[in-house]
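*Asks:* Quick one: the structure is below, and I'll ask about it shortly.
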Number of protein chains: 6
Amino acid sequence: MSDFEAADRAAVLVEALPYIQRFRDAVVVVKYGGNAMSDEATTRRLAEDIVLMRAVGLRPVLVHGGGPQIGEFTERLGMTPEFRDGLRVTDAETLEVARMVLVGKVNRDLVAALNVHGPVAVGVAGEDAGLIAAEPRDPSLGFVGDVSEVNPSVLHSLLSEELIPVVSTIGADAEGQAYNINADAVAGALAAAIGATKLVYLTDVPGLLDDVEDPTSLIARIGVADVEAMVSRGAIAGGMIPKIAACVDAVRAGVGSVHILDGRRAHALLLELFTDAGVGTMIAYDRGATDAL
Amino acid sequence: MSDFEAADRAAVLVEALPYIQRFRDAVVVVKYGGNAMSDEATTRRLAEDIVLMRAVGLRPVLVHGGGPQIGEFTERLGMTPEFRDGLRVTDAETLEVARMVLVGKVNRDLVAALNVHGPVAVGVAGEDAGLIAAEPRDPSLGFVGDVSEVNPSVLHSLLSEELIPVVSTIGADAEGQAYNINADAVAGALAAAIGATKLVYLTDVPGLLDDVEDPTSLIARIGVADVEAMVSRGAIAGGMIPKIAACVDAVRAGVGSVHILDGRRAHALLLELFTDAGVGTMIAYDRGATDAL
Amino acid sequence: MSDFEAADRAAVLVEALPYIQRFRDAVVVVKYGGNAMSDEATTRRLAEDIVLMRAVGLRPVLVHGGGPQIGEFTERLGMTPEFRDGLRVTDAETLEVARMVLVGKVNRDLVAALNVHGPVAVGVAGEDAGLIAAEPRDPSLGFVGDVSEVNPSVLHSLLSEELIPVVSTIGADAEGQAYNINADAVAGALAAAIGATKLVYLTDVPGLLDDVEDPTSLIARIGVADVEAMVSRGAIAGGMIPKIAACVDAVRAGVGSVHILDGRRAHALLLELFTDAGVGTMIAYDRGATDAL
Amino acid sequence: MSDFEAADRAAVLVEALPYIQRFRDAVVVVKYGGNAMSDEATTRRLAEDIVLMRAVGLRPVLVHGGGPQIGEFTERLGMTPEFRDGLRVTDAETLEVARMVLVGKVNRDLVAALNVHGPVAVGVAGEDAGLIAAEPRDPSLGFVGDVSEVNPSVLHSLLSEELIPVVSTIGADAEGQAYNINADAVAGALAAAIGATKLVYLTDVPGLLDDVEDPTSLIARIGVADVEAMVSRGAIAGGMIPKIAACVDAVRAGVGSVHILDGRRAHALLLELFTDAGVGTMIAYDRGATDAL
Amino acid sequence: MSDFEAADRAAVLVEALPYIQRFRDAVVVVKYGGNAMSDEATTRRLAEDIVLMRAVGLRPVLVHGGGPQIGEFTERLGMTPEFRDGLRVTDAETLEVARMVLVGKVNRDLVAALNVHGPVAVGVAGEDAGLIAAEPRDPSLGFVGDVSEVNPSVLHSLLSEELIPVVSTIGADAEGQAYNINADAVAGALAAAIGATKLVYLTDVPGLLDDVEDPTSLIARIGVADVEAMVSRGAIAGGMIPKIAACVDAVRAGVGSVHILDGRRAHALLLELFTDAGVGTMIAYDRGATDAL
Amino acid sequence: MSDFEAADRAAVLVEALPYIQRFRDAVVVVKYGGNAMSDEATTRRLAEDIVLMRAVGLRPVLVHGGGPQIGEFTERLGMTPEFRDGLRVTDAETLEVARMVLVGKVNRDLVAALNVHGPVAVGVAGEDAGLIAAEPRDPSLGFVGDVSEVNPSVLHSLLSEELIPVVSTIGADAEGQAYNINADAVAGALAAAIGATKLVYLTDVPGLLDDVEDPTSLIARIGVADVEAMVSRGAIAGGMIPKIAACVDAVRAGVGSVHILDGRRAHALLLELFTDAGVGTMIAYDRGATDAL
């Protein structure tokens with residue numbers, strides 16, 4: 001290799017190695033949304049990044065959604081979706097289908113993509129070993145649930161065997177009744193409950209923008225108070241608001257930092273973790289805080 | 001309690017306690033067929049027995065089938081089943097549906113039935129952590145597979161946490177392609193691979209009959225050589241033959257004993273394990289052998 | 001087995017298994033009096049129960065008396081017993097004989113009865129490894145002692161090896177002087193010191209009676225305050241009073257429950273431990289309290 | 001201290017310390033005969049030596065006899081001893097008395113003498129936890145037994161707690177029948193079974209003499225072949241012969257060295273263990289062998 | 001960061017991470033020659049690389065030379081060097097000075113350079129805990145020694161505490177006489193004795209050249225047989241020959257691979273370890289062999 | 001051995017064994033001054049005592065000085081010592097020479113003397129693994145340092161492997177700058193930091209004298225308050241004052257006792273540790289205090 005190339009490569013390594021040391025054994029929860037999944041190449045690259053993270057000692061947990069996939073299947077079954085205040089009503093039949101799609105299809109596809117690299121991934125649903133206790137959000141919405149408690153012991157057990165849990169966000173109440181729960185919320189609650197160092201949302205936006213109109217105004221680091229100020233002044237809006245609330249809750253509950261990245265960008269996860277500049281937005285308790293440990 | 005009742009109760013206990021001691025920490029694989037599942041009360045009682053076994057220190061693993069449930073769902077989707085030599089051809093779409101039904105519905109229902117008693121059960125598919133490596137049986141059958149290798153580490157990990165694995169019999173090859181595998185065969189292969197002390201098939205017959213015509217001719221204990229002789233002379237026939245082959249293979253591979261019980265009989269599992277007489281047929285290497293340890 | 005018999009047996013098991021789970025690793029101190037011992041069949045059955053308790057994971061400690069056996073031997077040696085206020089005066093020669101009979105005969109016979117079932121029992125005297133520190137009760141009574149301190153480390157060591165300690169109630173003071181101590185009192189003090197879950201007195205009465213005249217008025221459960229009320233109002237009398245005091249002290253010192261059973265009844269120990277109804281009287285801190293753990 | 005005294009003391013220490021290092025954790029079985037015990041001062045000094053050995057990390061096991069004490073007690077009970085070929089016939093009554101005296105008196109007195117220094121000693125009989133399995137020597141001798149098997153686990157358990165086992169030489173057969181066994185033989189069998197580094201017989205002779213007539217001809221070290229030659233040529237005779245046979249068997253079974261000392265000599269044990277010259281006779285496999293480890 | 005830069009950085013990381021995984025916990029012996037040390041910046045960068053290696057889980061051992069530094073000091077003391085057959089004769093005074101310079105100066109300077117990054121390095125000489133047993137090479141050369149045995153326990157102890165041993169190559173014989181030993185030879189012997197995965201020589205040449213005249217003919221990988229063939233045909237010559245012999249010996253003794261790098265090149269160590277192409281020559285048992293583990 | 005000699009030897013052993021028990025695993029820091037070292041026989045005997053201490057389970061740490069040896073070498077190099085207020089000014093060159101002499105010569109000679117008895121000693125300097133953090137005493141004195149912090153982990157690591165650390169008293173500041181530190185002060189600070197039971201100064205005086213004029217007035221034991229009173233009234237003077245201050249500081253910081261002995265006296269260490277009378281002065285918190293543990 002040329003001296004010039006060697007110097008560049010050495011610089012990348014000298015920059016990355018201390019992060020690799022610092023994040024050794026750190027648990028990182030990665031939320032991967034149902035929208036991003038449609039592109040198979042993106043999923044394949046994500047699987048590669050997750051496996052590489054594990055290779056150097058981090059302990060990733062993958063939480064997935066699956067709204068589009070559920071919609072596609074209910075349509076195929078000829079079921080007519082019902083909405084109330086913009087939220088899908090989940091009756092018993094819809095719940096059964098949602099569970100089949102999330103646990104029996106989306107989760108399986110992700111496990112398969114990871115296990116091409118070796119027997120490293122295990123699918124888990126919130127019902128397993130009491131992982132996610134759920135409660136109904138609103139009777140009129142049927143079996144749409146909220147997280148009422150997290151019992152992370154099955155995740156600890158899998159992580160201690162260096163396995164990668166892939167989590168479907170179906171929870172259950174004490175009588176065994178299942179509920180479908182929003183994946184952004186589950187990711188935040190799990191991250192807090194297992195003492196994650198980082199929580200990463202792989203989305204279809206580059207991160208938070210200081211000026212929504214200006215794609216070059218990406219905010220690299222921000223503290224939770226400033227995030228809340230942005231929400232107050234309307235700089236964050238629409239579907240991003242509940243996700244941002246989950247971020248802020250997670251940081252306040254002890255997660256070191258939350259990252260919002262464009263999951264379609266190649267190897268965004270690795271670049272965010274192992275370079276000084278990163279490629280998305282990192283939300284920590286305090287903007288000036290040292291990178292999370 | 002009356003002296004008479006006390007003496008009877010004491011006799012049951014004096015008989016059962018040594019079995020409880022002997023089977024402490026023993027792994028017992030229980031195969032529960034899709035036919036039996038249709039009766040919810042049977043499933044509820046099975047869950048109770050499994051949880052009681054665990055309570056006194058045994059380590060149960062539940063393997064389930066689901067043929068009827070798959071058939072019901074493909075029919076609902078308007079898919080036309082195709083058969084070749086009496087075996088259902090499993091094309092990509094059928095496989096996807098089978099996987100959704102087994103992993104996303106049947107497995108979930110069993111996990112839920114067990115977890116009513118506490119956070120004790122975890123669903124697992126053969127794809128998880130490389131549990132079941134599969135190979136195609138016959139190209140013309142599509143994605144019908146056979147077990148080519150078992151990697152039981154994820155089961156050991158769950159058992160060491162006193163969790164009850166509930167296993168769906170979907171395996172995968174090295175490229176991540178899934179296959180549907182016969183649950184009787186998977187149960188036998190898993191039992192051998194994890195060093196199970198016992199393998200129990202919960203079926204809809206009382207066990208092996210010496211004279212098929214005579215329901216009172218139940219065989220309580222039999223050695224593998226005698227079982228093979230029964231097959232040779234035609235005393236075992238039809239759908240029982242592959243199940244019996246799995247039994248014999250498991251015993252030859254080191255499983256202490258295999259039991260065939262009528263799963264619809266109340267608490268058949270407990271009575272087979274903890275009484276001298278048992279309620280079904282126990283197949284051991286040698287009829288005279290001491291009960292398995 | 002007939003369906004009827006099967007259902008009965010299953011019911012006994014379904015009732016017993018949760019107790020077996022709950023009492024796993026629980027230490028149970030059993031006091032066996034010198035009077036009961038005269039019947040060899042009773043001792044043989046007791047040994048069987050103790051060995052079965054150990055088989056399913058309980059950790060029994062057997063404490064024995066031996067008054068009648070001491071009396072028999074001193075008589076044979078032509079020694080004249082002397083009494084003061086109804087208590088036998090124990091001079092140096094009497095002490096030596098008592099020690100020989102308890103440690104060298106009664107203890108040995110119990111160890112032998114247990115070890116017929118395997119090498120499970122070990123005889124221990126209060127002098128061993130400082131187990132029971134004694135102090136004189138009253139100079140005029142000679143070497144009659146009270147427990148001044150318990151050092152249970154030798155019992156913990158034997159229990160951790162799954163051995164059954166059989167304890168003779170001879171203690172010693174700091175100068176090595178031996179004392180004979182009442183076995184009911186020693187059993188209570190040991191149970192408290194080793195953190196026993198249960199303390200069982202095998203006596204020749206069925207338990208506490210609500211109406212001493214009415215043998216059917218057996219009290220199944222009672223709290224310590226009510227026991228003390230019974231003593232106050234004279235419903236408990238005579239030789240039972242010091243035993244009851246030992247029971248109450250043990251419960252107040254942290255022993256989960258104390259049981260008074262008729263040791264002559266076959267398998268009374270097993271029935272008391274592993275059935276809902278029990279066969280004697282259970283004294284807990286509070287009548288309503290859940291069964292001891 | 002004067003320079004002269006300091007030099008002498010330093011020389012003793014410089015000589016002793018390497019032995020203390022070498023024998024760290026070494027198990028040393030000490031046989032103490034019933035004859036020596038009559039002198040209370042001797043027993044007190046023995047107890048001091050044993051406790052000091054333990055203090056610097058050796059692991060002593062004390063095996064005791066008690067012939068004179070048994071004889072005294074049977075006489076007191078008016079029993080007439082019967083002899084056959086010079087051996088005392090042990091009927092059931094004699095056995096019971098022997099057991100009471102050994103386990104209930106002699107053992108107790110030794111435990112008490114040791115425990116004056118702290119809670120360090122525990123009495124054990126050969127019946128405990130199957131320590132010594134016995135078989136009858138000759139039906140006409142009644143319950144005189146030989147060692148048929150040693151199960152030393154209870155000794156290992158006590159030694160690992162830094163306790164000093166004091167062993168009475170009553171064994172039992174599989175039916176629980178007790179036998180009285182010669183203590184010299186038991187000491188040898190125990191030493192071999194627990195992998196003792198040394199076996200020390202405290203006797204009333206100074207050791208082996210090259211010339212029985214010449215008390216100054218004490219043999220300091222000798223190999224087993226030479227010992228056998230001495231027996232062959234009649235240089236060892238009478239009661240010494242079975243003891244010598246036990247010595248030779250123990251060395252052949254792997255005990256590093258056997259020592260014969262005059263137990264009445266003050267601190268003979270310490271001097272034999274921790275000085276170059278020693279004070280008795282050391283029998284090793286080979287005279288030239290390095291001191292046992 | 002620009003997409004272009006991001007892709008480049010991601011590529012370096014994707015390439016490096018599997019090496020970091022593979023070399024986790026691998027022991028790497030690095031030989032650093034006295035010539036290279038004269039440049040303080042080179043030493044500072046080496047220290048940085050060594051500390052980064054440790055940061056991501058490798059376990060480096062640094063072995064140093066110091067010929068020029070010894071020569072400089074003997075000259076300052078006015079000592080006249082004597083040579084025989086081109087080797088410096090090491091009399092007692094020269095040895096004392098060599099030891100002072102190596103252990104008391106060169107080693108100290110390296111420890112200090114490493115410890116600027118934290119308390120991670122510990123100086124060790126071959127005399128410590130018997131690390132390097134030496135024997136004289138040739139009486140006429142005085143105290144020039146060869147390695148006769150390696151006792152690596154002190155290195156294992158330091159490595160298990162995540163400390164970096166810095167080794168001076170002074171050995172000693174059984175009488176405590178010190179010898180000065182060639183550092184290339186010591187590095188090879190240590191690497192073999194501690195089961196190192198890699199041994200790296202930091203020299204002042206880029207590696208092995210296929211054509212000595214052509215600096216672009218660097219050999220990236222080569223097997224030991226081919227190396228020996230190069231020596232036979234004279235393609236390797238002069239001072240390189242003993243170093244190459246040490247390389248070949250180390251590989252044959254089980255070291256996974258030996259690397260020859262130009263130590264003056266910035267971060268040569270990191271580039272050799274964590275890139276596919278590397279920057280020097282890697283000698284393995286077989287050219288085609290997978291990179292060492 | 002004669003009875004008379006045997007009794008004397010037994011008495012020495014009976015006196016010494018309890019100390020050996022009490023000091024098992026105790027860390028003892030021994031300071032050996034540069035003056036005492038000139039006599040090779042003294043060093044050889046010290047090495048023997050240290051190795052014997054270790055043999056019976058104590059954990060010695062040897063701290064050495066080397067003033068005379070440094071002076072000798074600087075003179076040989078023609079360097080002119082400069083003094084300010086009676087203290088030697090240590091410029092960079094002097095420091096380098098001091099470090100070479102202490103670490104590369106004096107330390108090496110002590111390691112060699114100990115390792116004649118086996119691979120037991122390891123040389124350590126204060127710079128290793130941050131053992132001794134130093135700060136300058138006074139800019140005008142150059143690189144003369146004081147201890148600012150002790151990080152004893154490397155000593156714990158070596159002691160846990162039963163190795164004997166031999167410590168040179170060169171410390172370093174955070175930038176890696178070395179300093180020469182007074183060995184008496186280092187010994188005291190190390191003893192406190194590693195929780196030593198004892199700290200022994202081997203000097204050229206017999207201990208503290210009640211009357212400096214009267215060599216027979218040696219004080220065997222004294223409390224720290226009385227030592228301070230002696231200093232106040234001028235009974236301790238000159239070079240002894242800083243050493244005494246280090247003693248008092250160490251005791252106040254938790255070291256059990258500090259001993260001042262004449263290191264030239266044969267086996268003074270053993271006699272002080274293992275006899276009741278001792279041979280020097282023991283300083284404890286309180287004169288009446290039990291000997292240190």
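By order of appearance in the structure tokens: chains A, B, ..., then residues from 1 within every chain, and ligands from 1 in the order shown.
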Between chain A and chain B, at 10 Å or less, what are the per-residue closest atom pairs and their distances in Å? Count only C-alpha atoms, order by chain and rising residue number, and return it as JSON lines.
*Replies:*
```
{"residue": "A:Arg76", "atom": "CA", "partner": "B:Leu77", "partner_atom": "CA", "distance": 7.8}
{"residue": "A:Leu77", "atom": "CA", "partner": "B:Leu77", "partner_atom": "CA", "distance": 6.4}
{"residue": "A:Gly78", "atom": "CA", "partner": "B:Leu77", "partner_atom": "CA", "distance": 9.3}
{"residue": "A:Glu96", "atom": "CA", "partner": "B:Lys105", "partner_atom": "CA", "distance": 7.3}
{"residue": "A:Val97", "atom": "CA", "partner": "B:Gly104", "partner_atom": "CA", "distance": 8.6}
{"residue": "A:Ala98", "atom": "CA", "partner": "B:Gly104", "partner_atom": "CA", "distance": 8.9}
{"residue": "A:Arg99", "atom": "CA", "partner": "B:Gly104", "partner_atom": "CA", "distance": 5.9}
{"residue": "A:Met100", "atom": "CA", "partner": "B:Gly104", "partner_atom": "CA", "distance": 4.0}
{"residue": "A:Val101", "atom": "CA", "partner": "B:Met100", "partner_atom": "CA", "distance": 6.5}
{"residue": "A:Leu102", "atom": "CA", "partner": "B:Gly104", "partner_atom": "CA", "distance": 7.5}
{"residue": "A:Val103", "atom": "CA", "partner": "B:Gly104", "partner_atom": "CA", "distance": 5.0}
{"residue": "A:Gly104", "atom": "CA", "partner": "B:Met100", "partner_atom": "CA", "distance": 4.0}
{"residue": "A:Lys105", "atom": "CA", "partner": "B:Met100", "partner_atom": "CA", "distance": 5.9}
{"residue": "A:Val106", "atom": "CA", "partner": "B:Met100", "partner_atom": "CA", "distance": 9.5}
{"residue": "A:Asn107", "atom": "CA", "partner": "B:Gly104", "partner_atom": "CA", "distance": 9.7}
{"residue": "A:Arg108", "atom": "CA", "partner": "B:Glu127", "partner_atom": "CA", "distance": 8.0}
{"residue": "A:Asp109", "atom": "CA", "partner": "B:Gly176", "partner_atom": "CA", "distance": 8.9}
{"residue": "A:Val111", "atom": "CA", "partner": "B:Asp128", "partner_atom": "CA", "distance": 7.0}
{"residue": "A:Ala112", "atom": "CA", "partner": "B:Gly176", "partner_atom": "CA", "distance": 5.2}
{"residue": "A:Ala113", "atom": "CA", "partner": "B:Gly176", "partner_atom": "CA", "distance": 7.0}
{"residue": "A:Leu114", "atom": "CA", "partner": "B:Gly176", "partner_atom": "CA", "distance": 8.9}
{"residue": "A:Asn115", "atom": "CA", "partner": "B:Gly176", "partner_atom": "CA", "distance": 6.8}
{"residue": "A:Val116", "atom": "CA", "partner": "B:Gly176", "partner_atom": "CA", "distance": 5.7}
{"residue": "A:His117", "atom": "CA", "partner": "B:Ala174", "partner_atom": "CA", "distance": 9.0}
{"residue": "A:Gly118", "atom": "CA", "partner": "B:Gly130", "partner_atom": "CA", "distance": 7.6}
{"residue": "A:Pro119", "atom": "CA", "partner": "B:Ala129", "partner_atom": "CA", "distance": 4.1}
{"residue": "A:Val120", "atom": "CA", "partner": "B:Ala129", "partner_atom": "CA", "distance": 5.2}
{"residue": "A:Ala121", "atom": "CA", "partner": "B:Ala129", "partner_atom": "CA", "distance": 5.3}
{"residue": "A:Val122", "atom": "CA", "partner": "B:Asp128", "partner_atom": "CA", "distance": 4.5}
{"residue": "A:Gly123", "atom": "CA", "partner": "B:Asp128", "partner_atom": "CA", "distance": 6.3}
{"residue": "A:Val124", "atom": "CA", "partner": "B:Gly123", "partner_atom": "CA", "distance": 7.2}
{"residue": "A:Ala125", "atom": "CA", "partner": "B:Gly123", "partner_atom": "CA", "distance": 7.9}
{"residue": "A:Gly126", "atom": "CA", "partner": "B:Val122", "partner_atom": "CA", "distance": 9.7}
{"residue": "A:Glu127", "atom": "CA", "partner": "B:Ala112", "partner_atom": "CA", "distance": 7.2}
{"residue": "A:Asp128", "atom": "CA", "partner": "B:Val122", "partner_atom": "CA", "distance": 4.5}
{"residue": "A:Ala129", "atom": "CA", "partner": "B:Pro119", "partner_atom": "CA", "distance": 4.2}
{"residue": "A:Gly130", "atom": "CA", "partner": "B:Pro119", "partner_atom": "CA", "distance": 4.6}
{"residue": "A:Leu131", "atom": "CA", "partner": "B:Pro119", "partner_atom": "CA", "distance": 8.0}
{"residue": "A:Asn151", "atom": "CA", "partner": "B:Pro119", "partner_atom": "CA", "distance": 8.9}
{"residue": "A:Ser153", "atom": "CA", "partner": "B:Glu161", "partner_atom": "CA", "distance": 9.1}
{"residue": "A:Val154", "atom": "CA", "partner": "B:Leu158", "partner_atom": "CA", "distance": 8.2}
{"residue": "A:Ser157", "atom": "CA", "partner": "B:Ser157", "partner_atom": "CA", "distance": 7.3}
{"residue": "A:Leu158", "atom": "CA", "partner": "B:Ser157", "partner_atom": "CA", "distance": 7.6}
{"residue": "A:Ser160", "atom": "CA", "partner": "B:Ser157", "partner_atom": "CA", "distance": 9.4}
{"residue": "A:Glu161", "atom": "CA", "partner": "B:Ser157", "partner_atom": "CA", "distance": 7.6}
{"residue": "A:Leu163", "atom": "CA", "partner": "B:Ala129", "partner_atom": "CA", "distance": 7.5}
{"residue": "A:Ile164", "atom": "CA", "partner": "B:Ala129", "partner_atom": "CA", "distance": 8.8}
{"residue": "A:Pro165", "atom": "CA", "partner": "B:Asp128", "partner_atom": "CA", "distance": 9.6}
{"residue": "A:Val166", "atom": "CA", "partner": "B:Asp128", "partner_atom": "CA", "distance": 9.9}
{"residue": "A:Ala172", "atom": "CA", "partner": "B:Ala112", "partner_atom": "CA", "distance": 8.2}
{"residue": "A:Asp173", "atom": "CA", "partner": "B:Val116", "partner_atom": "CA", "distance": 9.2}
{"residue": "A:Ala174", "atom": "CA", "partner": "B:Val116", "partner_atom": "CA", "distance": 6.7}
{"residue": "A:Glu175", "atom": "CA", "partner": "B:Val116", "partner_atom": "CA", "distance": 5.9}
{"residue": "A:Gly176", "atom": "CA", "partner": "B:Ala112", "partner_atom": "CA", "distance": 5.2}
{"residue": "A:Gln177", "atom": "CA", "partner": "B:Ala112", "partner_atom": "CA", "distance": 7.8}
{"residue": "A:Ala178", "atom": "CA", "partner": "B:Ala112", "partner_atom": "CA", "distance": 8.4}
```
*Asks:* Give me, as a VMD selection string, all polymer residues having an atom no more than 12 Å from Ile241 in chain F, counting only C-alpha atoms and skipping those fewer than 4 positions away in the same chain.
*Replies:* chain F and resid 184 to 185 208 227 to 228 230 to 232 234 to 237 245 to 248
*Asks:* Set the distance at 9 Å and use only C-alpha atoms: which residues neighbour Val89 in chain A once local chain neighbours fewer than 2 positions away are removed? I'd like the list as a CSV table (one decimal) with N, CA and C atoms, in the first residue's frame.
*Replies:*
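What follows is the written file around.csv:
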```csv
chain,number,residue,atom,x,y,z
A,81,PRO,N,-59.2,-2.7,7.3
A,81,PRO,CA,-58.7,-2.0,8.4
A,81,PRO,C,-59.7,-1.0,8.9
A,82,GLU,N,-59.7,-0.8,10.2
A,82,GLU,CA,-60.6,0.2,10.8
A,82,GLU,C,-59.7,1.2,11.6
A,83,PHE,N,-59.9,2.5,11.5
A,83,PHE,CA,-59.1,3.4,12.2
A,83,PHE,C,-59.9,4.3,13.1
A,84,ARG,N,-59.3,4.6,14.2
A,84,ARG,CA,-60.0,5.6,15.2
A,84,ARG,C,-59.0,6.6,15.5
A,87,LEU,N,-55.5,5.9,14.5
A,87,LEU,CA,-54.8,4.7,15.0
A,87,LEU,C,-55.6,3.5,14.5
A,91,ASP,N,-58.5,-5.7,16.5
A,91,ASP,CA,-59.4,-6.7,17.1
A,91,ASP,C,-58.6,-8.0,17.2
A,94,THR,N,-57.1,-9.3,14.0
A,94,THR,CA,-56.0,-8.5,13.5
A,94,THR,C,-54.8,-8.7,14.4
A,140,SER,N,-61.1,1.2,23.2
A,140,SER,CA,-61.7,1.3,21.9
A,140,SER,C,-60.7,0.9,20.8
A,141,LEU,N,-59.4,0.8,21.1
A,141,LEU,CA,-58.4,0.5,20.1
A,141,LEU,C,-58.2,-1.0,20.1
A,142,GLY,N,-58.8,-1.8,21.0
A,142,GLY,CA,-58.6,-3.2,21.1
A,142,GLY,C,-57.3,-3.6,21.7
A,143,PHE,N,-56.5,-4.5,21.0
A,143,PHE,CA,-55.3,-5.0,21.6
A,143,PHE,C,-54.1,-4.2,21.2
A,144,VAL,N,-54.2,-2.9,21.2
A,144,VAL,CA,-53.1,-2.0,21.1
A,144,VAL,C,-52.6,-1.8,22.5
```
*Asks:* Among range 29-184 of chain D, which ones does DSSP place in alpha helix (DSSP H), written as number ranges by chain?
*Replies:* D: 40-55, 67-76, 92-101, 107-115, 153-160, 183-184
*Asks:* Residues as selected, C-alpha atoms, written as a tab-separated table (two decimals), in the first residue's frame, can you do that?
*Replies:*
```
chain	number	residue	atom	x	y	z
D	40	GLU	CA	-3.80	-37.62	81.57
D	41	ALA	CA	-0.70	-35.42	81.18
D	42	THR	CA	0.38	-37.44	78.15
D	43	THR	CA	-3.03	-36.97	76.55
D	44	ARG	CA	-2.91	-33.26	77.30
D	45	ARG	CA	0.50	-32.89	75.66
D	46	LEU	CA	-0.61	-34.97	72.67
D	47	ALA	CA	-3.60	-32.67	72.24
D	48	GLU	CA	-1.25	-29.67	72.31
D	49	ASP	CA	0.99	-31.19	69.64
D	50	ILE	CA	-1.96	-32.06	67.41
D	51	VAL	CA	-3.36	-28.55	67.72
D	52	LEU	CA	0.06	-27.03	66.92
D	53	MET	CA	0.41	-29.28	63.86
D	54	ARG	CA	-2.94	-28.00	62.65
D	55	ALA	CA	-1.89	-24.44	63.46
D	67	GLY	CA	-8.84	-52.02	74.91
D	68	PRO	CA	-8.05	-51.36	78.59
D	69	GLN	CA	-11.04	-49.03	78.95
D	70	ILE	CA	-13.40	-51.65	77.46
D	71	GLY	CA	-12.03	-54.31	79.78
D	72	GLU	CA	-12.51	-52.10	82.80
D	73	PHE	CA	-16.13	-51.44	81.94
D	74	THR	CA	-17.14	-55.00	81.11
D	75	GLU	CA	-15.64	-56.01	84.44
D	76	ARG	CA	-17.69	-53.35	86.18
D	92	ALA	CA	-23.59	-58.79	70.93
D	93	GLU	CA	-23.53	-57.53	74.49
D	94	THR	CA	-19.76	-57.08	74.49
D	95	LEU	CA	-19.97	-55.24	71.20
D	96	GLU	CA	-22.59	-52.89	72.57
D	97	VAL	CA	-20.41	-52.13	75.58
D	98	ALA	CA	-17.28	-51.73	73.43
D	99	ARG	CA	-19.11	-49.28	71.22
D	100	MET	CA	-20.38	-47.29	74.18
D	101	VAL	CA	-16.92	-47.10	75.71
D	107	ASN	CA	-13.53	-40.60	71.82
D	108	ARG	CA	-15.37	-37.97	73.86
D	109	ASP	CA	-12.43	-37.53	76.24
D	110	LEU	CA	-10.04	-36.95	73.33
D	111	VAL	CA	-12.42	-34.53	71.62
D	112	ALA	CA	-12.71	-32.65	74.90
D	113	ALA	CA	-8.92	-32.51	75.37
D	114	LEU	CA	-8.50	-31.05	71.88
D	115	ASN	CA	-11.41	-28.63	72.13
D	153	SER	CA	-15.57	-38.64	52.12
D	154	VAL	CA	-16.68	-37.55	55.60
D	155	LEU	CA	-13.01	-37.17	56.60
D	156	HIS	CA	-12.26	-35.08	53.51
D	157	SER	CA	-15.25	-32.92	54.32
D	158	LEU	CA	-14.09	-32.30	57.90
D	159	LEU	CA	-10.45	-31.78	56.90
D	160	SER	CA	-11.46	-29.21	54.30
D	183	ALA	CA	-7.21	-49.72	65.68
D	184	ASP	CA	-3.72	-50.28	64.23
```
*Asks:* Mind checking which residues fall within 8 Å of range 273-276 of chain B, counting only C-alpha atoms, ignoring those fewer than 5 positions away in the same chain, and posting them as a compact mmCIF listing (two decimals) with C-alpha atoms, in the first residue's frame?
*Replies:*
```
# COMPACT_ATOMS: atom_id res chain seq x y z
CA VAL B 12 -48.33 -42.53 46.53
CA GLU B 15 -43.60 -44.39 45.52
CA ALA B 16 -43.12 -41.01 43.84
CA LEU B 17 -40.33 -39.43 45.88
CA TYR B 19 -38.50 -40.91 41.04
CA ILE B 20 -38.41 -37.22 41.84
```
